[in-house]
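Engineer: Please read through the structure below; I'll follow up with questions.
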Amino acid sequence: MLTAKYGQIECEYIDTAEQDLSMFPEVEDVVKRGYSFPLTAINGTLRLAGVIAPDAIVEILDEAQ
């Protein structure tokens, strides 16, 4: 469904329990500021925290077009 509307979509899961957060400075920064996992980045920018919200993701993708 998403690829029909937006073309190629990439999704990457990073298990932060298995890796040092300092490898991901932007993630480390938002976690230190109190945001909770999961974090969702779109086009390399963190956009959502605390929940995976499909409707919000679609809205953000629509804005990016």
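All residue names refer to the structure tokens as shown: chains lettered A, B, ... in order, residues numbered from 1 in each chain, ligands numbered from 1 in order.
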Near stretch 17-31 of chain A, within 10 Å and counting only C-alpha atoms, which residues show up once chain neighbours fewer than 3 positions away are dropped, as a JSON list (two decimals) with all heavy atoms, in the first residue's frame?

Structural biologist:
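Final output, selection-v8.json:
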```json
[["chain", "number", "residue", "atom", "x", "y", "z"],
["A", 14, "ILE", "N", 16.59, -0.67, 14.84],
["A", 14, "ILE", "CA", 17.85, -0.69, 15.59],
["A", 14, "ILE", "C", 17.54, -1.08, 17.02],
["A", 14, "ILE", "O", 16.81, -0.36, 17.71],
["A", 14, "ILE", "CB", 18.55, 0.69, 15.54],
["A", 14, "ILE", "CG1", 18.85, 1.06, 14.10],
["A", 14, "ILE", "CG2", 19.82, 0.66, 16.38],
["A", 14, "ILE", "CD1", 19.29, 2.50, 13.92],
["A", 34, "GLY", "N", 14.21, 12.90, 27.69],
["A", 34, "GLY", "CA", 13.00, 12.31, 28.26],
["A", 34, "GLY", "C", 12.06, 11.66, 27.28],
["A", 34, "GLY", "O", 11.01, 11.15, 27.68],
["A", 35, "TYR", "N", 12.38, 11.66, 26.00],
["A", 35, "TYR", "CA", 11.51, 10.99, 25.03],
["A", 35, "TYR", "C", 11.71, 9.48, 25.15],
["A", 35, "TYR", "O", 12.78, 9.00, 25.47],
["A", 35, "TYR", "CB", 11.83, 11.46, 23.60],
["A", 35, "TYR", "CG", 11.44, 12.89, 23.37],
["A", 35, "TYR", "CD1", 12.35, 13.92, 23.55],
["A", 35, "TYR", "CD2", 10.15, 13.21, 22.97],
["A", 35, "TYR", "CE1", 11.99, 15.24, 23.34],
["A", 35, "TYR", "CE2", 9.78, 14.53, 22.75],
["A", 35, "TYR", "CZ", 10.70, 15.54, 22.94],
["A", 35, "TYR", "OH", 10.35, 16.84, 22.73],
["A", 36, "SER", "N", 10.65, 8.75, 24.88],
["A", 36, "SER", "CA", 10.73, 7.30, 25.05],
["A", 36, "SER", "C", 10.71, 6.57, 23.70],
["A", 36, "SER", "O", 10.29, 7.13, 22.69],
["A", 36, "SER", "CB", 9.58, 6.81, 25.93],
["A", 36, "SER", "OG", 8.34, 7.12, 25.35],
["A", 37, "PHE", "N", 11.17, 5.34, 23.75],
["A", 37, "PHE", "CA", 11.14, 4.49, 22.57],
["A", 37, "PHE", "C", 9.74, 3.98, 22.33],
["A", 37, "PHE", "O", 8.95, 3.91, 23.25],
["A", 37, "PHE", "CB", 12.08, 3.29, 22.79],
["A", 37, "PHE", "CG", 13.53, 3.68, 22.83],
["A", 37, "PHE", "CD1", 14.22, 3.67, 24.02],
["A", 37, "PHE", "CD2", 14.20, 4.04, 21.68],
["A", 37, "PHE", "CE1", 15.56, 4.02, 24.07],
["A", 37, "PHE", "CE2", 15.54, 4.39, 21.71],
["A", 37, "PHE", "CZ", 16.22, 4.38, 22.91],
["A", 39, "LEU", "N", 11.39, 5.31, 18.66],
["A", 39, "LEU", "CA", 11.59, 6.57, 17.96],
["A", 39, "LEU", "C", 11.44, 6.30, 16.47],
["A", 39, "LEU", "O", 11.91, 5.28, 15.98],
["A", 39, "LEU", "CB", 12.98, 7.13, 18.25],
["A", 39, "LEU", "CG", 13.30, 7.40, 19.72],
["A", 39, "LEU", "CD1", 14.77, 7.75, 19.88],
["A", 39, "LEU", "CD2", 12.42, 8.50, 20.26],
["A", 40, "THR", "N", 10.80, 7.20, 15.77],
["A", 40, "THR", "CA", 10.60, 7.04, 14.33],
["A", 40, "THR", "C", 11.26, 8.21, 13.62],
["A", 40, "THR", "O", 10.94, 9.37, 13.89],
["A", 40, "THR", "CB", 9.10, 6.99, 13.98],
["A", 40, "THR", "OG1", 8.49, 5.92, 14.69],
["A", 40, "THR", "CG2", 8.90, 6.79, 12.49],
["A", 41, "ALA", "N", 12.18, 7.88, 12.71],
["A", 41, "ALA", "CA", 12.83, 8.89, 11.88],
["A", 41, "ALA", "C", 12.29, 8.75, 10.46],
["A", 41, "ALA", "O", 12.08, 7.64, 9.97],
["A", 41, "ALA", "CB", 14.34, 8.70, 11.88],
["A", 45, "THR", "N", 15.32, 12.28, 9.89],
["A", 45, "THR", "CA", 14.97, 13.22, 10.96],
["A", 45, "THR", "C", 14.01, 12.54, 11.93],
["A", 45, "THR", "O", 12.98, 12.01, 11.50],
["A", 45, "THR", "CB", 14.31, 14.49, 10.38],
["A", 45, "THR", "OG1", 15.19, 15.09, 9.44],
["A", 45, "THR", "CG2", 13.96, 15.48, 11.47],
["A", 46, "LEU", "N", 14.35, 12.57, 13.21],
["A", 46, "LEU", "CA", 13.44, 12.00, 14.21],
["A", 46, "LEU", "C", 12.16, 12.81, 14.24],
["A", 46, "LEU", "O", 12.18, 14.03, 14.40],
["A", 46, "LEU", "CB", 14.10, 11.97, 15.58],
["A", 46, "LEU", "CG", 15.23, 10.96, 15.73],
["A", 46, "LEU", "CD1", 15.95, 11.16, 17.05],
["A", 46, "LEU", "CD2", 14.70, 9.54, 15.63],
["A", 49, "ALA", "N", 7.96, 9.92, 18.78],
["A", 49, "ALA", "CA", 8.54, 9.21, 19.93],
["A", 49, "ALA", "C", 7.42, 8.59, 20.74],
["A", 49, "ALA", "O", 6.33, 9.14, 20.86],
["A", 49, "ALA", "CB", 9.34, 10.17, 20.80]]
```

Engineer: Give the strand (DSSP E or B) residues of stretch 22-65 of chain A, as assigned by DSSP on the backbone, as a VMD selection string.

Structural biologist: chain A and resid 39 to 42 45 to 49

Engineer: Using only C-alpha atoms, which of A:Ile42, A:Lys32, A:Thr16, A:Glu10 sits nearest A:Glu59?

Structural biologist: A:Ile42

Engineer: Please provide the set of residues having any atom within 12 Å of A:Asp62, restricted to only C-alpha atoms, with same-chain residues fewer than 2 positions apart removed, written as a compact mmCIF listing (two decimals) with all heavy atoms, in the first residue's frame.

Structural biologist:
```
# COMPACT_ATOMS: atom_id res chain seq x y z
N LEU A 2 1.82 1.36 0.92
CA LEU A 2 2.65 2.56 1.00
C LEU A 2 3.53 2.71 -0.23
O LEU A 2 3.72 3.82 -0.72
CB LEU A 2 3.50 2.57 2.27
CG LEU A 2 2.77 2.78 3.58
CD1 LEU A 2 3.74 2.68 4.75
CD2 LEU A 2 2.06 4.11 3.61
N LYS A 5 1.88 4.31 -3.21
CA LYS A 5 1.66 5.76 -3.09
C LYS A 5 2.96 6.55 -3.06
O LYS A 5 3.05 7.63 -3.63
CB LYS A 5 0.86 6.05 -1.82
CG LYS A 5 0.47 7.50 -1.67
CD LYS A 5 -0.47 7.72 -0.51
CE LYS A 5 -0.87 9.19 -0.42
NZ LYS A 5 -1.81 9.44 0.66
N TYR A 6 4.00 6.01 -2.40
CA TYR A 6 5.22 6.79 -2.16
C TYR A 6 6.45 6.26 -2.88
O TYR A 6 7.51 6.86 -2.81
CB TYR A 6 5.52 6.84 -0.66
CG TYR A 6 4.39 7.41 0.15
CD1 TYR A 6 3.63 6.59 0.96
CD2 TYR A 6 4.08 8.76 0.10
CE1 TYR A 6 2.58 7.10 1.71
CE2 TYR A 6 3.03 9.27 0.84
CZ TYR A 6 2.28 8.44 1.64
OH TYR A 6 1.25 8.95 2.37
N ILE A 42 12.06 9.88 9.83
CA ILE A 42 11.61 9.90 8.44
C ILE A 42 12.58 10.79 7.68
O ILE A 42 12.80 11.95 8.07
CB ILE A 42 10.16 10.40 8.32
CG1 ILE A 42 9.25 9.41 9.07
CG2 ILE A 42 9.76 10.56 6.86
CD1 ILE A 42 7.80 9.80 9.13
N ASP A 55 -0.92 6.45 11.07
CA ASP A 55 -1.59 7.62 10.51
C ASP A 55 -0.68 8.85 10.51
O ASP A 55 -0.66 9.62 9.56
CB ASP A 55 -2.88 7.93 11.27
CG ASP A 55 -3.95 6.87 11.04
OD1 ASP A 55 -3.87 6.14 10.04
OD2 ASP A 55 -4.86 6.78 11.88
N ALA A 56 0.09 9.02 11.59
CA ALA A 56 1.02 10.15 11.68
C ALA A 56 2.14 9.99 10.66
O ALA A 56 2.57 10.98 10.05
CB ALA A 56 1.58 10.27 13.08
N ILE A 57 2.60 8.77 10.46
CA ILE A 57 3.65 8.53 9.46
C ILE A 57 3.16 8.88 8.06
O ILE A 57 3.85 9.55 7.30
CB ILE A 57 4.15 7.07 9.54
CG1 ILE A 57 4.88 6.85 10.87
CG2 ILE A 57 5.05 6.73 8.36
CD1 ILE A 57 5.21 5.40 11.18
N VAL A 58 1.95 8.46 7.72
CA VAL A 58 1.37 8.78 6.42
C VAL A 58 1.23 10.29 6.27
O VAL A 58 1.55 10.86 5.21
CB VAL A 58 0.01 8.07 6.23
CG1 VAL A 58 -0.74 8.61 5.03
CG2 VAL A 58 0.22 6.57 6.10
N GLU A 59 0.80 10.97 7.31
CA GLU A 59 0.66 12.44 7.25
C GLU A 59 2.02 13.10 7.00
O GLU A 59 2.13 14.01 6.18
CB GLU A 59 0.06 12.94 8.57
CG GLU A 59 -0.25 14.42 8.56
CD GLU A 59 -0.93 14.84 9.86
OE1 GLU A 59 -1.79 14.12 10.36
OE2 GLU A 59 -0.57 15.93 10.35
N ILE A 60 3.05 12.64 7.67
CA ILE A 60 4.39 13.19 7.49
C ILE A 60 4.89 12.91 6.07
O ILE A 60 5.48 13.79 5.42
CB ILE A 60 5.37 12.63 8.54
CG1 ILE A 60 4.99 13.15 9.92
CG2 ILE A 60 6.81 13.00 8.22
CD1 ILE A 60 5.65 12.40 11.08
N ALA A 64 5.89 15.60 2.99
CA ALA A 64 7.21 15.58 2.36
C ALA A 64 7.14 15.54 0.83
O ALA A 64 8.12 15.82 0.17
CB ALA A 64 8.00 14.39 2.88
N GLN A 65 6.00 15.19 0.29
CA GLN A 65 5.87 15.08 -1.18
C GLN A 65 5.72 16.42 -1.81
O GLN A 65 5.24 17.35 -1.37
CB GLN A 65 4.69 14.21 -1.56
CG GLN A 65 4.99 12.75 -1.38
CD GLN A 65 3.92 11.88 -2.01
OE1 GLN A 65 2.74 12.17 -1.94
NE2 GLN A 65 4.34 10.79 -2.61
```

Engineer: Using only C-alpha atoms, which protein or nucleic acid residues come within 9 Å of A:Pro38? Drop anything in the same chain fewer than 3 positions from it, and give the result as a list of chain:residue names.

Structural biologist: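 Listing them by chain and then by number gives A:Leu48, A:Ala49, A:Gly50, A:Val51, A:Ile52.
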
Engineer: Among chain A, which ones does DSSP place in helix (DSSP H, G or I), written as a ChimeraX atom specification?

Structural biologist: /A:2-6,21-23,25-32,54-64
